[in-house]
file final-v2.pdb (PDB, C-alpha atoms, pLDDT in the B column)
MODEL        1
ATOM      1  CA  MET A   1      75.119 115.857  97.113  1.00 54.00           C
ATOM      2  CA  SER A   2      72.963 113.598  94.988  1.00 57.00           C
ATOM      3  CA  GLU A   3      74.266 111.015  92.576  1.00 62.00           C
ATOM      4  CA  ASP A   4      72.782 113.038  89.714  1.00 65.00           C
ATOM      5  CA  SER A   5      74.251 116.401  90.661  1.00 79.00           C
ATOM      6  CA  PRO A   6      76.717 117.466  87.985  1.00 85.00           C
ATOM      7  CA  LEU A   7      80.458 116.959  88.240  1.00 93.00           C
ATOM      8  CA  LYS A   8      83.129 118.689  86.179  1.00 95.00           C
ATOM      9  CA  VAL A   9      86.156 116.510  85.573  1.00 96.00           C
ATOM     10  CA  TYR A  10      89.379 118.293  84.595  1.00 97.00           C
ATOM     11  CA  TYR A  11      91.585 115.719  82.922  1.00 95.00           C
ATOM     12  CA  ASP A  12      94.529 115.568  80.526  1.00 95.00           C
ATOM     13  CA  ALA A  13      92.873 115.154  77.122  1.00 95.00           C
ATOM     14  CA  ALA A  14      96.330 115.041  75.494  1.00 93.00           C
ATOM     15  CA  CYS A  15      96.983 111.741  77.280  1.00 92.00           C
ATOM     16  CA  PRO A  16      95.831 108.660  75.308  1.00 92.00           C
ATOM     17  CA  ILE A  17      95.457 106.608  78.504  1.00 92.00           C
ATOM     18  CA  CYS A  18      93.381 109.363  80.123  1.00 93.00           C
ATOM     19  CA  ARG A  19      91.110 109.550  77.068  1.00 94.00           C
ATOM     20  CA  ARG A  20      90.704 105.775  77.070  1.00 95.00           C
ATOM     21  CA  GLU A  21      89.771 105.830  80.780  1.00 93.00           C
ATOM     22  CA  ARG A  22      87.263 108.602  80.103  1.00 93.00           C
ATOM     23  CA  HIS A  23      85.561 106.528  77.400  1.00 93.00           C
ATOM     24  CA  ARG A  24      85.538 103.461  79.658  1.00 91.00           C
ATOM     25  CA  TYR A  25      83.893 105.505  82.397  1.00 90.00           C
ATOM     26  CA  GLU A  26      81.326 106.969  79.997  1.00 87.00           C
ATOM     27  CA  ARG A  27      80.270 103.438  78.998  1.00 87.00           C
ATOM     28  CA  LEU A  28      79.712 102.501  82.648  1.00 85.00           C
ATOM     29  CA  VAL A  29      78.006 105.602  84.005  1.00 79.00           C
ATOM     30  CA  ARG A  30      74.235 105.504  84.331  1.00 67.00           C
ATOM     31  CA  HIS A  31      73.588 109.241  83.820  1.00 65.00           C
ATOM     32  CA  ALA A  32      76.053 110.384  81.160  1.00 60.00           C
ATOM     33  CA  GLY A  33      74.905 113.992  81.388  1.00 69.00           C
ATOM     34  CA  SER A  34      75.857 114.182  85.045  1.00 83.00           C
ATOM     35  CA  VAL A  35      79.576 114.451  84.226  1.00 89.00           C
ATOM     36  CA  ALA A  36      81.197 117.135  82.075  1.00 91.00           C
ATOM     37  CA  TRP A  37      84.682 116.223  80.869  1.00 93.00           C
ATOM     38  CA  LEU A  38      86.908 119.296  80.506  1.00 95.00           C
ATOM     39  CA  ASP A  39      90.428 119.341  79.132  1.00 96.00           C
ATOM     40  CA  ALA A  40      92.671 120.797  81.820  1.00 96.00           C
ATOM     41  CA  ASN A  41      94.968 122.077  79.051  1.00 94.00           C
ATOM     42  CA  THR A  42      92.293 124.469  77.781  1.00 96.00           C
ATOM     43  CA  HIS A  43      90.544 125.536  81.001  1.00 95.00           C
ATOM     44  CA  GLU A  44      93.319 127.556  82.611  1.00 94.00           C
ATOM     45  CA  ALA A  45      91.094 130.443  83.745  1.00 95.00           C
ATOM     46  CA  VAL A  46      88.621 128.160  85.536  1.00 94.00           C
ATOM     47  CA  LEU A  47      91.419 126.206  87.201  1.00 96.00           C
ATOM     48  CA  ASN A  48      93.207 129.410  88.225  1.00 96.00           C
ATOM     49  CA  ALA A  49      89.983 130.642  89.820  1.00 95.00           C
ATOM     50  CA  HIS A  50      90.222 127.561  92.052  1.00 95.00           C
ATOM     51  CA  GLY A  51      93.894 128.276  92.799  1.00 96.00           C
ATOM     52  CA  VAL A  52      95.111 125.429  90.580  1.00 96.00           C
ATOM     53  CA  THR A  53      97.609 125.773  87.754  1.00 96.00           C
ATOM     54  CA  VAL A  54      97.279 123.758  84.562  1.00 95.00           C
ATOM     55  CA  GLN A  55     100.483 121.922  85.527  1.00 94.00           C
ATOM     56  CA  GLU A  56      98.946 120.927  88.873  1.00 95.00           C
ATOM     57  CA  ALA A  57      95.796 119.771  87.072  1.00 96.00           C
ATOM     58  CA  LEU A  58      97.888 117.628  84.736  1.00 95.00           C
ATOM     59  CA  LEU A  59      99.674 116.041  87.683  1.00 95.00           C
ATOM     60  CA  SER A  60      96.451 114.925  89.359  1.00 94.00           C
ATOM     61  CA  LEU A  61      92.814 114.463  88.428  1.00 95.00           C
ATOM     62  CA  HIS A  62      90.592 117.326  89.623  1.00 96.00           C
ATOM     63  CA  VAL A  63      86.805 117.061  89.984  1.00 97.00           C
ATOM     64  CA  GLU A  64      84.505 119.968  90.772  1.00 96.00           C
ATOM     65  CA  ASP A  65      81.264 119.052  92.528  1.00 94.00           C
ATOM     66  CA  ALA A  66      77.889 120.784  92.168  1.00 92.00           C
ATOM     67  CA  GLU A  67      78.705 123.126  95.065  1.00 94.00           C
ATOM     68  CA  GLY A  68      81.882 124.292  93.328  1.00 93.00           C
ATOM     69  CA  SER A  69      84.324 122.469  95.631  1.00 95.00           C
ATOM     70  CA  LEU A  70      87.371 121.025  93.936  1.00 96.00           C
ATOM     71  CA  HIS A  71      88.547 117.503  94.812  1.00 97.00           C
ATOM     72  CA  ARG A  72      91.945 116.249  93.693  1.00 96.00           C
ATOM     73  CA  GLY A  73      93.789 112.982  93.362  1.00 95.00           C
ATOM     74  CA  MET A  74      92.292 109.890  94.959  1.00 96.00           C
ATOM     75  CA  ASP A  75      89.464 111.966  96.453  1.00 97.00           C
ATOM     76  CA  ALA A  76      88.511 113.001  92.907  1.00 97.00           C
ATOM     77  CA  TYR A  77      88.601 109.389  91.713  1.00 95.00           C
ATOM     78  CA  ILE A  78      86.486 108.274  94.665  1.00 96.00           C
ATOM     79  CA  LEU A  79      83.874 110.950  93.940  1.00 95.00           C
ATOM     80  CA  LEU A  80      83.795 109.984  90.263  1.00 93.00           C
ATOM     81  CA  MET A  81      83.646 106.232  90.948  1.00 93.00           C
ATOM     82  CA  HIS A  82      80.646 106.677  93.231  1.00 90.00           C
ATOM     83  CA  ARG A  83      78.683 107.583  90.083  1.00 86.00           C
ATOM     84  CA  VAL A  84      79.015 104.019  88.798  1.00 85.00           C
ATOM     85  CA  PRO A  85      77.308 101.337  90.901  1.00 87.00           C
ATOM     86  CA  ARG A  86      79.811  98.691  89.739  1.00 89.00           C
ATOM     87  CA  LEU A  87      82.734 100.899  90.821  1.00 92.00           C
ATOM     88  CA  ARG A  88      81.412 101.904  94.247  1.00 94.00           C
ATOM     89  CA  PRO A  89      83.100  98.972  96.055  1.00 96.00           C
ATOM     90  CA  LEU A  90      86.395  99.984  94.425  1.00 96.00           C
ATOM     91  CA  ALA A  91      85.835 103.594  95.517  1.00 96.00           C
ATOM     92  CA  VAL A  92      85.396 102.423  99.110  1.00 97.00           C
ATOM     93  CA  LEU A  93      88.492 100.218  98.846  1.00 97.00           C
ATOM     94  CA  ILE A  94      90.789 102.943  97.483  1.00 96.00           C
ATOM     95  CA  GLY A  95      89.563 105.293 100.203  1.00 96.00           C
ATOM     96  CA  LEU A  96      90.805 103.027 102.990  1.00 97.00           C
ATOM     97  CA  PRO A  97      93.494 104.647 105.170  1.00 96.00           C
ATOM     98  CA  VAL A  98      96.075 101.966 104.374  1.00 95.00           C
ATOM     99  CA  ILE A  99      95.416 101.816 100.622  1.00 97.00           C
ATOM    100  CA  LYS A 100      94.802 105.470  99.727  1.00 97.00           C
ATOM    101  CA  PRO A 101      98.320 106.776 100.525  1.00 97.00           C
ATOM    102  CA  VAL A 102      99.971 103.899  98.665  1.00 97.00           C
ATOM    103  CA  LEU A 103      97.805 104.446  95.585  1.00 96.00           C
ATOM    104  CA  THR A 104      98.421 108.189  95.779  1.00 96.00           C
ATOM    105  CA  TRP A 105     102.187 107.614  95.870  1.00 97.00           C
ATOM    106  CA  TRP A 106     102.045 105.180  92.935  1.00 96.00           C
ATOM    107  CA  TYR A 107      99.702 107.381  90.866  1.00 95.00           C
ATOM    108  CA  ASP A 108     101.789 110.523  91.444  1.00 96.00           C
ATOM    109  CA  ARG A 109     104.961 108.698  90.311  1.00 96.00           C
ATOM    110  CA  TRP A 110     103.224 107.244  87.266  1.00 95.00           C
ATOM    111  CA  VAL A 111     101.851 110.625  86.149  1.00 94.00           C
ATOM    112  CA  ARG A 112     105.207 112.370  86.608  1.00 95.00           C
ATOM    113  CA  ARG A 113     106.952 109.694  84.534  1.00 96.00           C
ATOM    114  CA  ARG A 114     104.304 109.909  81.805  1.00 93.00           C
ATOM    115  CA  LEU A 115     104.543 113.683  81.587  1.00 94.00           C
ATOM    116  CA  ALA A 116     108.357 113.574  81.650  1.00 95.00           C
ATOM    117  CA  ARG A 117     108.407 111.022  78.797  1.00 93.00           C
ATOM    118  CA  GLN A 118     106.122 113.318  76.808  1.00 90.00           C
ATOM    119  CA  GLY A 119     108.349 116.319  77.534  1.00 91.00           C
ATOM    120  CA  ARG A 120     105.513 118.043  79.376  1.00 90.00           C
ATOM    121  CA  LEU A 121     107.036 118.198  82.851  1.00 86.00           C
TER
ENDMDL
END
call {"tool": "encode", "arguments": {"input": "final-v2.pdb", "output": "structure tokens"}}
result
Amino acid sequence: MSEDSPLKVYYDAACPICRRERHRYERLVRHAGSVAWLDANTHEAVLNAHGVTVQEALLSLHVEDAEGSLHRGMDAYILLMHRVPRLRPLAVLIGLPVIKPVLTWWYDRWVRRRLARQGRL
């Protein structure tokens, strides 16, 4: 898959932190049109077609590649970060076998707490 092939990112647009991260990413990405940002809260049918509920999409970032494969969690972040030359070293780092499970554990806890505080879990 080429660096310019389109990605669809299903994220929680109701989350202020998630929106802020989206805008930060958009400032860094070289080819802004290569990523479509879709609110997981309003794309239930598309997510369901991939076997993912909206709740599951809110609990973890989901990225659909140009071939239609869905990547979730740290794998989704790694795919997205590879679009930004400055973030590629970080993408490699978070993909390391020792680091990836720890980050996954921390991220999953953080998201669950955030959603619980918002009354959305």
call {"tool": "closest_residue", "arguments": {"input": "final-v2.pdb", "among": "A:Asn48, A:Ala57, A:Arg20, A:Cys15", "to": "Arg117 of chain A", "atoms": "all atoms listed in the file"}}
result
A:Cys15
call {"tool": "resolve_selection", "arguments": {"input": "final-v2.pdb", "expression": "the PyMOL selection byres ((chain A and resi 90) around 12)", "output": "ChimeraX atom specification"}}
result
/A:74,77-89,91-96,99-100
call {"tool": "resolve_selection", "arguments": {"input": "final-v2.pdb", "expression": "the PyMOL selection byres ((chain A and resi 11) around 12)", "output": "mmCIF file with C-alpha atoms, in the frame of the given file"}}
result
data_model
loop_
_atom_site.group_PDB
_atom_site.id
_atom_site.type_symbol
_atom_site.label_atom_id
_atom_site.label_comp_id
_atom_site.auth_asym_id
_atom_site.auth_seq_id
_atom_site.Cartn_x
_atom_site.Cartn_y
_atom_site.Cartn_z
ATOM 1 C CA LYS A 8 83.129 118.689 86.179
ATOM 2 C CA VAL A 9 86.156 116.510 85.573
ATOM 3 C CA TYR A 10 89.379 118.293 84.595
ATOM 4 C CA ASP A 12 94.529 115.568 80.526
ATOM 5 C CA ALA A 13 92.873 115.154 77.122
ATOM 6 C CA ALA A 14 96.330 115.041 75.494
ATOM 7 C CA CYS A 15 96.983 111.741 77.280
ATOM 8 C CA PRO A 16 95.831 108.660 75.308
ATOM 9 C CA ILE A 17 95.457 106.608 78.504
ATOM 10 C CA CYS A 18 93.381 109.363 80.123
ATOM 11 C CA ARG A 19 91.110 109.550 77.068
ATOM 12 C CA ARG A 20 90.704 105.775 77.070
ATOM 13 C CA GLU A 21 89.771 105.830 80.780
ATOM 14 C CA ARG A 22 87.263 108.602 80.103
ATOM 15 C CA ALA A 36 81.197 117.135 82.075
ATOM 16 C CA TRP A 37 84.682 116.223 80.869
ATOM 17 C CA LEU A 38 86.908 119.296 80.506
ATOM 18 C CA ASP A 39 90.428 119.341 79.132
ATOM 19 C CA ALA A 40 92.671 120.797 81.820
ATOM 20 C CA ASN A 41 94.968 122.077 79.051
ATOM 21 C CA THR A 42 92.293 124.469 77.781
ATOM 22 C CA HIS A 43 90.544 125.536 81.001
ATOM 23 C CA GLU A 44 93.319 127.556 82.611
ATOM 24 C CA LEU A 47 91.419 126.206 87.201
ATOM 25 C CA VAL A 54 97.279 123.758 84.562
ATOM 26 C CA GLN A 55 100.483 121.922 85.527
ATOM 27 C CA GLU A 56 98.946 120.927 88.873
ATOM 28 C CA ALA A 57 95.796 119.771 87.072
ATOM 29 C CA LEU A 58 97.888 117.628 84.736
ATOM 30 C CA LEU A 59 99.674 116.041 87.683
ATOM 31 C CA SER A 60 96.451 114.925 89.359
ATOM 32 C CA LEU A 61 92.814 114.463 88.428
ATOM 33 C CA HIS A 62 90.592 117.326 89.623
ATOM 34 C CA VAL A 63 86.805 117.061 89.984
ATOM 35 C CA GLU A 64 84.505 119.968 90.772
ATOM 36 C CA ARG A 72 91.945 116.249 93.693
ATOM 37 C CA GLY A 73 93.789 112.982 93.362
ATOM 38 C CA ALA A 76 88.511 113.001 92.907
ATOM 39 C CA TYR A 77 88.601 109.389 91.713
ATOM 40 C CA VAL A 111 101.851 110.625 86.149
#
call {"tool": "atom_distance", "arguments": {"input": "final-v2.pdb", "atom1": "atom CA of Leu121 of chain A", "atom2": "atom CA of Pro101 of chain A"}}
result
22.8 Å
call {"tool": "atom_distance", "arguments": {"input": "final-v2.pdb", "atom1": "atom CA of Tyr25 of chain A", "atom2": "atom CA of Arg112 of chain A"}}
result
22.8 Å
call {"tool": "atom_distance", "arguments": {"input": "final-v2.pdb", "atom1": "atom CA of Ala45 of chain A", "atom2": "atom CA of Leu70 of chain A"}}
result
14.4 Å
call {"tool": "closest_residue", "arguments": {"input": "final-v2.pdb", "among": "A:Ser34, A:Thr104, A:Arg113, A:Ala49", "to": "Ala66 of chain A", "atoms": "only C-alpha atoms"}}
result
A:Ser34
call {"tool": "closest_residue", "arguments": {"input": "final-v2.pdb", "among": "A:Arg114, A:Arg109, A:Thr53, A:Val46", "to": "Gly68 of chain A", "atoms": "all atoms listed in the file"}}
result
A:Val46
